[in-house]
>>> print(open('query-v9.cif').read())   # mmCIF, C-alpha atoms
data_final
loop_
_atom_site.label_atom_id
_atom_site.label_comp_id
_atom_site.auth_asym_id
_atom_site.auth_seq_id
_atom_site.Cartn_x
_atom_site.Cartn_y
_atom_site.Cartn_z
CA MET S 16 -23.10 3.29 12.55
CA GLY S 17 -24.71 0.53 14.57
CA ARG S 18 -22.69 -2.11 12.77
CA LEU S 19 -19.45 -0.20 13.41
CA ARG S 20 -20.33 0.19 17.07
CA GLN S 21 -20.97 -3.56 17.25
CA LEU S 22 -17.66 -4.37 15.53
CA ALA S 23 -15.77 -2.05 17.86
CA GLY S 24 -17.52 -3.48 20.89
CA ASN S 25 -16.75 -7.07 19.88
CA THR S 26 -13.00 -6.45 19.67
CA PRO S 27 -11.12 -9.09 21.71
CA ALA S 28 -9.33 -7.73 24.75
CA HIS S 29 -6.00 -9.18 23.59
CA ARG S 30 -6.06 -7.45 20.18
CA ASP S 31 -3.06 -5.24 19.44
CA ARG S 32 -5.13 -2.22 18.43
CA VAL S 33 -2.18 -0.07 17.46
CA VAL S 34 -1.72 -2.30 14.39
CA ASP S 35 -5.12 -1.15 13.12
CA LEU S 36 -4.33 2.45 14.04
CA LEU S 37 -1.07 2.39 12.08
CA ARG S 38 -2.83 0.90 9.07
CA ALA S 39 -5.50 3.63 9.18
CA VAL S 40 -2.97 6.45 9.63
CA ALA S 41 -0.85 5.05 6.81
CA ILE S 42 -3.73 4.96 4.33
CA ILE S 43 -4.65 8.54 5.17
CA ALA S 44 -1.01 9.60 4.66
CA VAL S 45 -0.79 7.78 1.31
CA VAL S 46 -4.00 9.32 0.01
CA THR S 47 -3.09 12.82 1.20
CA GLY S 48 0.45 12.56 -0.16
CA HIS S 49 -0.69 11.43 -3.61
CA TRP S 50 -3.31 14.17 -3.81
CA LEU S 51 -0.91 16.88 -2.68
CA ALA S 52 1.71 15.80 -5.20
CA VAL S 53 -0.59 16.29 -8.19
CA TYR S 54 -0.40 19.52 -10.15
CA VAL S 55 -2.60 20.29 -13.17
CA THR S 56 -2.65 22.96 -15.86
CA TYR S 57 -5.41 23.57 -18.40
CA ASP S 58 -4.98 25.63 -21.55
CA GLY S 59 -7.44 23.95 -23.86
CA GLY S 60 -6.01 20.59 -22.85
CA LEU S 61 -5.18 18.93 -19.55
CA ARG S 62 -1.54 18.60 -18.56
CA GLY S 63 0.04 17.77 -15.27
CA GLY S 64 2.64 15.96 -13.27
CA SER S 65 4.10 15.70 -9.80
CA VAL S 66 5.05 18.76 -7.79
CA LEU S 67 8.15 16.84 -6.70
CA ASP S 68 9.50 17.31 -10.23
CA VAL S 69 9.21 21.12 -10.25
CA VAL S 70 9.58 22.10 -6.57
CA PRO S 71 12.67 20.20 -5.31
CA TRP S 72 12.33 21.17 -1.63
CA THR S 73 9.05 19.21 -1.41
CA ARG S 74 11.05 15.99 -1.80
CA TRP S 75 11.92 16.16 1.88
CA LEU S 76 8.21 15.79 2.66
CA THR S 77 8.28 12.28 1.24
CA TRP S 78 10.00 11.23 4.47
CA LEU S 79 6.62 11.86 6.13
CA PHE S 80 4.27 10.66 3.40
CA GLN S 81 6.15 7.53 2.24
CA VAL S 82 4.47 5.12 4.63
CA MET S 83 4.32 1.96 2.53
CA PRO S 84 6.80 0.35 4.96
CA VAL S 85 4.18 0.78 7.69
CA PHE S 86 1.68 -1.25 5.64
CA PHE S 87 4.13 -4.12 5.31
CA LEU S 88 5.17 -3.91 8.96
CA VAL S 89 1.64 -4.15 10.34
CA GLY S 90 0.77 -6.63 7.58
CA GLY S 91 3.48 -8.87 8.98
CA VAL S 92 2.10 -8.50 12.51
CA ALA S 93 -1.44 -9.31 11.44
CA GLY S 94 -0.36 -12.07 9.05
CA ALA S 95 1.71 -13.85 11.68
CA ALA S 96 -1.10 -13.67 14.25
CA SER S 97 -3.70 -14.88 11.74
CA LEU S 98 -1.56 -17.73 10.41
CA THR S 99 -0.61 -18.91 13.91
CA SER S 100 -4.27 -18.96 14.96
CA HIS S 101 -5.27 -20.73 11.74
CA ARG S 102 -2.67 -23.46 12.24
CA LYS S 103 -3.74 -23.98 15.85
CA ARG S 104 -7.21 -24.78 14.54
CA GLY S 105 -5.74 -27.37 12.19
CA GLY S 106 -5.88 -25.22 9.06
CA THR S 107 -3.52 -25.58 6.12
CA ALA S 108 -1.24 -22.98 4.59
CA VAL S 109 -3.18 -23.04 1.31
CA SER S 110 -6.56 -22.50 2.96
CA TRP S 111 -5.05 -19.59 4.93
CA ILE S 112 -3.73 -17.97 1.74
CA LEU S 113 -7.11 -18.39 0.04
CA GLY S 114 -8.91 -16.78 2.96
CA ARG S 115 -6.32 -14.04 3.50
CA THR S 116 -6.22 -12.91 -0.11
CA ASP S 117 -9.99 -12.80 -0.54
CA ARG S 118 -10.40 -9.33 0.94
CA LEU S 119 -7.61 -8.05 -1.31
CA VAL S 120 -8.72 -9.67 -4.55
CA ARG S 121 -12.49 -9.11 -4.25
CA PRO S 122 -12.46 -5.27 -4.19
CA THR S 123 -9.63 -5.24 -6.76
CA THR S 124 -11.74 -7.29 -9.15
CA ALA S 125 -14.58 -4.78 -8.84
CA PHE S 126 -12.15 -1.89 -9.30
CA LEU S 127 -10.61 -3.27 -12.50
CA GLY S 128 -14.00 -4.23 -13.90
CA VAL S 129 -15.47 -0.77 -13.37
CA LEU S 130 -12.31 0.90 -14.66
CA ALA S 131 -12.44 -1.16 -17.87
CA VAL S 132 -16.14 -0.45 -18.45
CA CYS S 133 -15.65 3.31 -17.89
CA ALA S 134 -12.71 3.36 -20.31
CA LEU S 135 -14.77 1.57 -22.97
CA ALA S 136 -17.63 4.03 -22.47
CA ALA S 137 -15.29 7.04 -22.69
CA ARG S 138 -13.82 5.79 -25.96
CA ALA S 139 -17.31 5.09 -27.34
CA LEU S 140 -18.16 8.73 -26.59
CA GLY S 141 -15.19 9.88 -28.65
CA VAL S 142 -12.67 10.71 -25.92
CA ASP S 143 -9.08 10.57 -27.18
CA ALA S 144 -7.56 7.12 -26.69
CA GLU S 145 -4.30 8.53 -25.29
CA LEU S 146 -6.21 10.63 -22.78
CA VAL S 147 -8.28 7.62 -21.71
CA GLY S 148 -5.11 5.57 -21.32
CA THR S 149 -3.49 8.25 -19.18
CA GLY S 150 -6.55 8.54 -16.97
CA VAL S 151 -6.70 4.77 -16.50
CA TRP S 152 -2.97 4.67 -15.74
CA LEU S 153 -3.37 7.34 -13.04
CA ALA S 154 -6.35 5.56 -11.52
CA ALA S 155 -4.45 2.26 -11.54
CA ILE S 156 -1.32 3.56 -9.76
CA PRO S 157 -2.29 1.67 -6.54
CA LEU S 158 -1.72 -1.62 -8.37
CA TRP S 159 2.05 -1.17 -7.87
CA PHE S 160 1.68 -1.68 -4.14
CA LEU S 161 -0.87 -4.44 -4.48
CA VAL S 162 1.43 -6.67 -6.55
CA ALA S 163 4.12 -6.62 -3.87
CA TYR S 164 1.69 -6.98 -0.98
CA LEU S 165 -0.13 -9.94 -2.49
CA ALA S 166 3.22 -11.59 -3.17
CA VAL S 167 4.38 -11.33 0.44
CA VAL S 168 1.00 -12.56 1.69
CA VAL S 169 1.32 -15.64 -0.53
CA LEU S 170 4.85 -16.23 0.81
CA THR S 171 3.79 -15.78 4.45
CA PRO S 172 3.67 -19.50 5.41
CA LEU S 173 7.18 -20.06 4.03
CA MET S 174 8.64 -16.86 5.48
CA HIS S 175 7.00 -17.45 8.86
CA ALA S 176 8.58 -20.92 8.99
CA LEU S 177 11.98 -19.31 8.34
CA HIS S 178 11.24 -16.75 11.04
CA ARG S 179 10.43 -19.40 13.62
CA ARG S 180 13.80 -21.03 12.96
CA TYR S 181 16.09 -18.08 12.33
CA GLY S 182 14.30 -15.04 13.77
CA LEU S 183 15.78 -11.62 13.02
CA ALA S 184 18.55 -13.17 10.93
CA VAL S 185 16.02 -13.39 8.08
CA PRO S 186 15.31 -9.64 7.67
CA ILE S 187 19.01 -8.91 8.23
CA LEU S 188 19.95 -11.24 5.36
CA LEU S 189 17.23 -9.75 3.15
CA THR S 190 18.58 -6.27 3.89
CA VAL S 191 22.09 -7.38 2.91
CA LEU S 192 20.69 -8.73 -0.38
CA VAL S 193 19.00 -5.39 -1.05
CA GLY S 194 22.38 -3.73 -0.48
CA VAL S 195 23.95 -6.11 -3.00
CA GLY S 196 21.28 -5.10 -5.50
CA ASP S 197 21.98 -1.40 -4.85
CA LEU S 198 25.70 -1.97 -5.43
CA ALA S 199 25.00 -3.83 -8.66
CA ARG S 200 22.84 -0.97 -9.89
CA MET S 201 25.38 1.73 -8.96
CA THR S 202 28.29 -0.08 -10.57
CA SER S 203 26.30 -1.26 -13.60
CA VAL S 204 27.59 -4.77 -12.96
CA LEU S 205 24.66 -7.18 -13.33
CA GLY S 206 22.34 -4.24 -12.61
CA PHE S 207 19.27 -6.39 -13.25
CA VAL S 208 19.97 -8.09 -9.90
CA ALA S 209 18.53 -5.01 -8.20
CA TYR S 210 15.03 -5.84 -9.46
CA ALA S 211 14.86 -8.62 -6.89
CA SER S 212 14.59 -5.86 -4.28
CA PHE S 213 11.00 -5.21 -5.39
CA LEU S 214 10.26 -8.36 -3.37
CA LEU S 215 13.23 -8.69 -1.00
CA ALA S 216 12.93 -5.21 0.54
CA TRP S 217 9.23 -5.54 1.30
CA LEU S 218 9.75 -9.04 2.66
CA ALA S 219 12.39 -7.62 5.04
CA VAL S 220 9.90 -5.13 6.47
CA TYR S 221 7.16 -7.77 6.59
CA GLN S 222 9.49 -10.06 8.57
CA LEU S 223 9.94 -7.32 11.19
CA GLY S 224 6.21 -7.62 11.74
CA PHE S 225 6.69 -11.29 12.64
CA SER S 226 9.20 -10.29 15.32
CA TRP S 227 6.79 -7.65 16.63
CA GLN S 228 4.02 -10.25 16.85
CA ASP S 229 6.00 -12.89 18.78
CA GLY S 230 7.78 -10.44 21.09
CA ARG S 231 11.30 -10.58 19.64
CA LEU S 232 10.89 -6.84 19.07
CA PRO S 233 9.26 -5.69 22.32
CA SER S 234 7.52 -2.36 22.71
CA GLY S 235 8.77 0.42 24.95
CA TRP S 236 12.12 2.12 25.42
CA ARG S 237 14.51 -0.79 25.06
CA VAL S 238 14.12 -1.35 21.31
CA GLY S 239 11.95 1.40 19.83
CA PRO S 240 14.08 4.54 20.35
CA PRO S 241 17.42 2.91 19.39
CA LEU S 242 15.86 1.43 16.25
CA ALA S 243 14.25 4.73 15.28
CA LEU S 244 17.41 6.74 15.97
CA GLY S 245 19.64 4.24 14.16
CA GLY S 246 17.33 4.11 11.15
CA PHE S 247 17.03 7.89 10.95
CA THR S 248 20.80 8.38 11.27
CA ALA S 249 21.40 5.86 8.48
CA LEU S 250 18.76 7.58 6.36
CA VAL S 251 20.41 10.99 6.74
CA VAL S 252 23.88 9.63 6.04
CA MET S 253 22.78 7.68 2.96
CA THR S 254 20.80 10.55 1.42
CA VAL S 255 22.51 13.78 2.54
CA ALA S 256 26.09 12.52 2.48
CA GLY S 257 25.69 9.34 0.46
CA PRO S 258 24.61 8.33 -3.02
CA TYR S 259 20.86 7.97 -2.50
CA PRO S 260 18.34 10.68 -3.47
CA ILE S 261 16.37 12.61 -0.87
CA SER S 262 12.98 11.67 -2.28
CA MET S 263 11.45 8.46 -0.98
CA VAL S 264 9.29 8.19 -4.10
CA GLY S 265 10.45 7.97 -7.70
CA ILE S 266 11.50 11.11 -9.57
CA PRO S 267 11.75 10.75 -13.37
CA GLY S 268 15.26 11.22 -14.66
CA GLU S 269 17.08 10.28 -11.46
CA GLU S 270 19.66 7.55 -11.95
CA ILE S 271 18.72 5.94 -8.62
CA GLN S 272 15.18 5.92 -7.28
CA ASN S 273 14.43 4.77 -3.76
CA THR S 274 11.29 2.85 -4.68
CA SER S 275 12.04 1.51 -8.17
CA PRO S 276 13.35 -0.83 -6.93
CA PRO S 277 13.43 -0.24 -3.14
CA THR S 278 16.85 0.66 -1.74
CA LEU S 279 18.71 0.55 1.56
CA ALA S 280 17.67 4.16 2.09
CA LEU S 281 14.02 3.15 2.00
CA LEU S 282 14.76 0.34 4.46
CA ALA S 283 16.41 2.92 6.74
CA LEU S 284 13.16 4.89 6.64
CA ALA S 285 11.30 1.64 7.39
CA ALA S 286 13.51 1.03 10.44
CA THR S 287 12.79 4.58 11.64
CA GLN S 288 9.05 4.07 11.31
CA ALA S 289 9.18 0.64 12.98
CA GLY S 290 11.15 2.07 15.91
CA LEU S 291 8.65 4.90 16.42
CA ALA S 292 5.75 2.43 16.24
CA LEU S 293 7.30 0.15 18.88
CA TRP S 294 8.12 3.15 21.07
CA LEU S 295 4.52 4.44 21.01
CA ARG S 296 2.81 1.06 20.99
CA ASP S 297 1.80 0.80 24.66
CA PRO S 298 0.45 4.35 25.15
CA ALA S 299 -1.35 4.12 21.80
CA ASN S 300 -3.02 0.85 22.84
CA ARG S 301 -4.18 2.46 26.08
CA TRP S 302 -5.64 5.42 24.18
CA LEU S 303 -7.44 3.09 21.79
CA ARG S 304 -9.37 1.57 24.70
CA ARG S 305 -11.56 4.65 24.44
CA PRO S 306 -14.70 3.97 22.36
CA ARG S 307 -14.59 6.96 20.00
CA PRO S 308 -11.04 6.73 18.67
CA TRP S 309 -11.29 2.97 18.38
CA MET S 310 -14.58 3.17 16.46
CA ALA S 311 -12.96 5.67 14.06
CA VAL S 312 -10.06 3.24 13.49
CA VAL S 313 -12.51 0.38 12.91
CA ALA S 314 -14.44 2.51 10.41
CA VAL S 315 -11.35 3.26 8.33
CA ASN S 316 -10.12 -0.33 8.42
CA SER S 317 -13.50 -1.67 7.30
CA VAL S 318 -13.04 0.00 3.88
CA ILE S 319 -9.28 0.41 3.75
CA MET S 320 -8.76 -1.45 0.46
CA THR S 321 -11.60 0.49 -1.14
CA VAL S 322 -10.08 3.80 -0.06
CA PHE S 323 -6.67 2.76 -1.35
CA LEU S 324 -7.86 1.40 -4.69
CA TRP S 325 -10.15 4.31 -5.54
CA HIS S 326 -8.26 7.34 -4.23
CA MET S 327 -6.46 8.07 -7.51
CA THR S 328 -9.73 7.60 -9.40
CA ALA S 329 -11.09 10.37 -7.18
CA ALA S 330 -8.16 12.52 -8.29
CA VAL S 331 -8.89 11.82 -11.98
CA ILE S 332 -12.57 12.72 -11.49
CA GLY S 333 -11.54 15.87 -9.58
CA VAL S 334 -9.19 16.98 -12.37
CA VAL S 335 -11.87 16.57 -15.04
CA ALA S 336 -14.55 18.27 -12.94
CA LEU S 337 -12.55 21.19 -11.52
CA TYR S 338 -10.02 22.37 -14.10
CA PRO S 339 -11.69 22.44 -17.56
CA THR S 340 -14.71 24.09 -15.89
CA GLU S 341 -12.38 26.64 -14.22
CA VAL S 342 -13.98 25.95 -10.85
CA LEU S 343 -10.41 25.68 -9.56
CA PRO S 344 -7.65 27.95 -10.94
CA ASP S 345 -4.30 26.47 -11.91
CA PRO S 346 -1.52 28.83 -10.73
CA PRO S 347 2.11 27.68 -11.14
CA ALA S 348 2.97 24.63 -9.07
CA GLY S 349 4.78 25.63 -5.89
CA SER S 350 3.48 29.21 -5.83
CA SER S 351 1.76 30.57 -2.73
CA SER S 352 -1.60 30.53 -4.52
CA TRP S 353 -1.07 26.91 -5.51
CA PHE S 354 -0.43 25.89 -1.91
CA VAL S 355 -3.51 27.79 -0.68
CA LEU S 356 -5.65 26.05 -3.29
CA ARG S 357 -4.55 22.65 -1.98
CA VAL S 358 -7.19 23.06 0.74
CA PRO S 359 -10.27 23.16 -1.57
CA TRP S 360 -8.57 20.56 -3.77
CA LEU S 361 -8.26 18.12 -0.87
CA LEU S 362 -11.80 18.83 0.30
CA ALA S 363 -13.23 18.23 -3.17
CA LEU S 364 -11.37 14.97 -3.64
CA SER S 365 -12.41 13.83 -0.16
CA LEU S 366 -16.06 14.28 -1.16
CA VAL S 367 -15.55 12.36 -4.40
CA LEU S 368 -13.74 9.55 -2.59
CA ALA S 369 -16.47 9.40 0.06
CA GLY S 370 -19.00 8.84 -2.71
CA LEU S 371 -16.88 6.09 -4.26
CA VAL S 372 -16.44 4.40 -0.87
CA ALA S 373 -20.19 4.57 -0.25
CA VAL S 374 -20.79 2.74 -3.55
CA PHE S 375 -17.95 0.21 -3.51
CA GLY S 376 -17.19 -0.17 0.21
CA PRO S 377 -19.86 -2.86 0.74
CA ILE S 378 -17.96 -5.14 -1.66
CA GLU S 379 -15.01 -5.13 0.72
CA ARG S 380 -17.10 -5.45 3.87
CA ARG S 381 -19.14 -8.32 2.50
CA ALA S 382 -17.78 -11.68 3.62
CA GLY S 383 -16.66 -13.84 0.72
CA PRO S 384 -16.82 -17.64 0.55
CA ARG S 385 -14.84 -19.26 3.33
CA PRO S 386 -12.51 -22.04 2.26
CA ASP S 387 -12.47 -25.28 4.22
CA PRO S 388 -9.51 -24.73 6.59
CA HIS S 389 -8.53 -28.40 6.36
CA SER S 390 -8.61 -28.77 2.57
CA SER S 391 -5.73 -27.90 0.25
CA PRO S 392 -6.75 -27.20 -3.38
CA ILE S 393 -3.08 -26.50 -4.13
CA VAL S 394 -3.24 -26.58 -7.94
CA SER S 395 -6.20 -24.19 -8.09
CA ALA S 396 -4.65 -21.85 -5.53
CA VAL S 397 -1.30 -21.72 -7.35
CA ALA S 398 -2.90 -21.24 -10.77
CA GLY S 399 -5.28 -18.57 -9.49
CA MET S 400 -2.64 -16.55 -7.66
CA ALA S 401 -0.28 -16.82 -10.65
CA GLY S 402 -2.95 -15.35 -12.92
CA VAL S 403 -3.84 -12.57 -10.50
CA LEU S 404 -0.23 -11.57 -9.83
CA ALA S 405 0.78 -11.76 -13.51
CA GLY S 406 -2.18 -9.65 -14.55
CA LEU S 407 -1.56 -7.00 -11.90
CA LEU S 408 2.16 -6.88 -12.64
CA VAL S 409 1.70 -6.36 -16.37
CA ALA S 410 -0.97 -3.72 -15.77
CA ALA S 411 1.23 -1.91 -13.24
CA VAL S 412 4.37 -1.72 -15.40
CA ALA S 413 2.60 -0.73 -18.62
CA GLY S 414 2.80 3.02 -17.92
CA PRO S 415 0.66 5.76 -19.46
CA GLY S 416 -0.62 5.47 -23.01
CA ASP S 417 -3.13 3.58 -25.12
CA HIS S 418 -2.88 -0.08 -24.10
CA GLY S 419 -6.12 -1.29 -25.62
CA PRO S 420 -9.87 -0.62 -25.58
CA THR S 421 -10.00 -0.59 -21.78
CA GLY S 422 -6.89 1.57 -21.31
CA LEU S 423 -5.22 -1.45 -19.71
CA SER S 424 -3.35 -4.34 -21.30
CA THR S 425 -5.95 -6.81 -22.56
CA PRO S 426 -3.76 -9.87 -21.79
CA ALA S 427 -3.23 -8.51 -18.28
CA LEU S 428 -6.97 -8.19 -17.69
CA VAL S 429 -7.62 -11.66 -19.09
CA ALA S 430 -4.94 -13.18 -16.84
CA TYR S 431 -6.21 -11.31 -13.78
CA PHE S 432 -9.90 -12.14 -14.18
CA ALA S 433 -9.11 -15.77 -15.03
CA GLY S 434 -6.97 -16.02 -11.90
CA ALA S 435 -9.59 -14.33 -9.73
CA THR S 436 -12.26 -16.73 -11.03
CA VAL S 437 -10.09 -19.77 -10.25
CA LEU S 438 -9.41 -18.43 -6.75
CA ARG S 439 -13.10 -17.89 -6.10
CA HIS S 440 -13.85 -21.43 -7.21
CA ALA S 441 -11.03 -22.75 -4.99
CA ARG S 442 -12.50 -20.95 -1.97
CA ARG S 443 -15.86 -22.56 -2.60
CA THR S 444 -14.39 -26.04 -3.04
#
>>> encode(input="query-v9.cif", output="structure tokens")
Amino acid sequence: MGRLRQLAGNTPAHRDRVVDLLRAVAIIAVVTGHWLAVYVTYDGGLRGGSVLDVVPWTRWLTWLFQVMPVFFLVGGVAGAASLTSHRKRGGTAVSWILGRTDRLVRPTTAFLGVLAVCALAARALGVDAELVGTGVWLAAIPLWFLVAYLAVVVLTPLMHALHRRYGLAVPILLTVLVGVGDLARMTSVLGFVAYASFLLAWLAVYQLGFSWQDGRLPSGWRVGPPLALGGFTALVVMTVAGPYPISMVGIPGEEIQNTSPPTLALLALAATQAGLALWLRDPANRWLRRPRPWMAVVAVNSVIMTVFLWHMTAAVIGVVALYPTEVLPDPPAGSSSWFVLRVPWLLALSLVLAGLVAVFGPIERRAGPRPDPHSSPIVSAVAGMAGVLAGLLVAAVAGPGDHGPTGLSTPALVAYFAGATVLRHARRT
């Protein structure tokens, strides 16, 4: 508590505190949304799925819980501010990337290592390989987001240079390209083009953060409400009257999914969220001058990657602990009893996650090796990031099932850990 109070007290007066608030609120929404979406049945064996599949009206709730655009928006704000400061001190783009990715890669390395060891132990104890693979897949769901986020962080120096020259034309062009991908997918003409939107859509939102940071998107009434209203109107038109599904997360069996890859509908939701954030920015910053709310925001942000990485592991542990033991009943998903039981379910998972954060949070808070800001170990940085991104991507797309002794693709783990090792060496060089 003393360390948190010191961190909160040392916050520079010029810091845009609402960025940290939005990041904290977003992580809480992601965790809560994932936990609420899970339904489980047990009749001698564990089965489950997403409530979105069996209770269609809940798909509207994804408009509230799909907050990944917020992460990329505030990531762009923070990335632009950090890179600008780094360059003013004479730092290079490569040294910035090495430093910026350290807090993402370090806790991820611990997460994957522990996950692999636990899977090996479970299989040694005789647990069914398919069941182990499914559990590992569920726990590793956060890797989807991490692949895209790491990619945009690596591209930040290039994209920020484009922003300085072309401003808001960059996210507008990226949005147009996402629309081209949507059209290709809907017409089945070169449908593979749409897969570029996995990067282009998130880059578009990230670029909005650059415009927030340098004042091209000012806070207050002039930009925020029109952007929010325009985004929301477009979202309603595209989903209610148009061809896009209501759900802002993937639903198996749907021809078009708004996140796989991201669509114009998801970017409309992103515009809505960005407009609301800009609208509320000034009053939120004033409120965050108070010690208690700001210390709570600092506390969440100090372990935010740990919370994100481990929250689905908490769900897996909760399923195994609560359902086979009949501590928690399993009424039909969507029934009144099922909704009532979401309260003890959330409380139990919160306790499990708190324990995981207590164990693994120090890894994130611990400062890693600081690269020399003036050096540029380009080859090591490129090779390391390529290994990390390739490993995460393969692990993320593998899906449920038995993918090897660790439940994850062995080549993916080898590529990731090799890349992480090279990056760590590069930071020390």
>>> resolve_selection(input="query-v9.cif", expression="the PyMOL selection byres ((chain S and resi 169-177) around 9)", output="list of chain:residue names")
S:Gly91, S:Gly94, S:Ala95, S:Leu98, S:Ala108, S:Val109, S:Trp111, S:Ile112, S:Leu113, S:Arg115, S:Thr116, S:Tyr164, S:Leu165, S:Ala166, S:Val167, S:Val168, S:His178, S:Arg179, S:Arg180, S:Tyr181, S:Gly182, S:Val185, S:Leu218, S:Tyr221, S:Gln222, S:Phe225, S:Met400
>>> residues_around(input="query-v9.cif", residues="Leu303 (chain S)", least_positions_apart="3", cutoff="12 Å", atoms="only C-alpha atoms", output="list in words")
Ala23, Thr26, Ala28, Arg30, Asp31, Arg32, Val33, Val34, Asp35, Leu36, Leu37, Arg296, Asp297, Pro298, Ala299, Asn300, Pro306, Arg307, Pro308, Trp309, Met310, Ala311, Val312 and Val313 of chain S
>>> atom_distance(input="query-v9.cif", atom1="CA of Val191 (chain S)", atom2="CA of Ala256 (chain S)")
20.3 Å
>>> resolve_selection(input="query-v9.cif", expression="the PyMOL selection byres ((chain S and resi 274) around 10)", output="VMD selection string")
chain S and resid 81 212 to 213 216 262 to 266 271 to 273 275 to 281
>>> resolve_selection(input="query-v9.cif", expression="the PyMOL selection byres ((chain S and resi 153) around 8)", output="count of residues only")
11
>>> residues_near_point(input="query-v9.cif", point="(-18.8, -5.6, -0.9)", cutoff="10 Å", atoms="only C-alpha atoms", output="PDB file with C-alpha atoms, in the coordinates of the input")
ATOM      1  CA  ARG S 118     -10.400  -9.330   0.940  1.00  0.00           C
ATOM      2  CA  ARG S 121     -12.490  -9.110  -4.250  1.00  0.00           C
ATOM      3  CA  PRO S 122     -12.460  -5.270  -4.190  1.00  0.00           C
ATOM      4  CA  ALA S 125     -14.580  -4.780  -8.840  1.00  0.00           C
ATOM      5  CA  VAL S 318     -13.040   0.000   3.880  1.00  0.00           C
ATOM      6  CA  THR S 321     -11.600   0.490  -1.140  1.00  0.00           C
ATOM      7  CA  VAL S 374     -20.790   2.740  -3.550  1.00  0.00           C
ATOM      8  CA  PHE S 375     -17.950   0.210  -3.510  1.00  0.00           C
ATOM      9  CA  GLY S 376     -17.190  -0.170   0.210  1.00  0.00           C
ATOM     10  CA  PRO S 377     -19.860  -2.860   0.740  1.00  0.00           C
ATOM     11  CA  ILE S 378     -17.960  -5.140  -1.660  1.00  0.00           C
ATOM     12  CA  GLU S 379     -15.010  -5.130   0.720  1.00  0.00           C
ATOM     13  CA  ARG S 380     -17.100  -5.450   3.870  1.00  0.00           C
ATOM     14  CA  ARG S 381     -19.140  -8.320   2.500  1.00  0.00           C
ATOM     15  CA  ALA S 382     -17.780 -11.680   3.620  1.00  0.00           C
ATOM     16  CA  GLY S 383     -16.660 -13.840   0.720  1.00  0.00           C
TER      17      GLY S 383
END
>>> closest_residue(input="query-v9.cif", among="S:Gly196, S:Ala430, S:Ala131, S:Leu293", to="His418 (chain S)", atoms="all atoms listed in the file")
S:Ala131
>>> atom_distance(input="query-v9.cif", atom1="CA of Val358 (chain S)", atom2="CA of Val66 (chain S)")
15.5 Å
>>> axis_aligned_box(input="query-v9.cif", around="region 243-247 of chain S", padding_each_side="8 Å", output="AutoDock Vina command-line options")
--center_x 16.9 --center_y 6.0 --center_z 13.5 --size_x 21.4 --size_y 19.8 --size_z 21.0
>>> atom_distance(input="query-v9.cif", atom1="CA of Pro346 (chain S)", atom2="CA of Leu324 (chain S)")
28.8 Å
>>> residues_around(input="query-v9.cif", residues="Ala243 (chain S)", least_positions_apart="4", cutoff="6 Å", atoms="all atoms listed in the file", output="PyMOL selection string")
chain S and resi 287+290-291
>>> residues_around(input="query-v9.cif", residues="Val132 (chain S)", least_positions_apart="2", cutoff="12 Å", atoms="only C-alpha atoms", output="PyMOL selection string")
chain S and resi 125-130+134-139+147+151+420-423
>>> closest_residue(input="query-v9.cif", among="S:Trp353, S:Tyr338, S:Tyr431, S:Trp360", to="Ala398 (chain S)", atoms="all atoms listed in the file")
S:Tyr431
>>> closest_residue(input="query-v9.cif", among="S:Leu284, S:Val429, S:Leu356, S:Met201", to="Tyr54 (chain S)", atoms="all atoms listed in the file")
S:Leu356
>>> closest_residue(input="query-v9.cif", among="S:Leu223, S:Tyr259, S:Ala184, S:Ala285", to="Leu79 (chain S)", atoms="only C-alpha atoms")
S:Ala285
>>> residues_around(input="query-v9.cif", residues="Ala348 (chain S)", least_positions_apart="5", cutoff="10 Å", atoms="only C-alpha atoms", output="PyMOL selection string")
chain S and resi 52-56+63-70+353-354
>>> write_last_selection(input="query-v9.cif", atoms="C-alpha atoms", output="PDB file, keeping the file's coordinate frame")
ATOM      1  CA  ALA S  52       1.710  15.800  -5.200  1.00  0.00           C
ATOM      2  CA  VAL S  53      -0.590  16.290  -8.190  1.00  0.00           C
ATOM      3  CA  TYR S  54      -0.400  19.520 -10.150  1.00  0.00           C
ATOM      4  CA  VAL S  55      -2.600  20.290 -13.170  1.00  0.00           C
ATOM      5  CA  THR S  56      -2.650  22.960 -15.860  1.00  0.00           C
ATOM      6  CA  GLY S  63       0.040  17.770 -15.270  1.00  0.00           C
ATOM      7  CA  GLY S  64       2.640  15.960 -13.270  1.00  0.00           C
ATOM      8  CA  SER S  65       4.100  15.700  -9.800  1.00  0.00           C
ATOM      9  CA  VAL S  66       5.050  18.760  -7.790  1.00  0.00           C
ATOM     10  CA  LEU S  67       8.150  16.840  -6.700  1.00  0.00           C
ATOM     11  CA  ASP S  68       9.500  17.310 -10.230  1.00  0.00           C
ATOM     12  CA  VAL S  69       9.210  21.120 -10.250  1.00  0.00           C
ATOM     13  CA  VAL S  70       9.580  22.100  -6.570  1.00  0.00           C
ATOM     14  CA  TRP S 353      -1.070  26.910  -5.510  1.00  0.00           C
ATOM     15  CA  PHE S 354      -0.430  25.890  -1.910  1.00  0.00           C
TER      16      PHE S 354
END
>>> closest_residue(input="query-v9.cif", among="S:Ala441, S:Val195, S:Val120, S:Val220", to="Gly90 (chain S)", atoms="only C-alpha atoms")
S:Val220
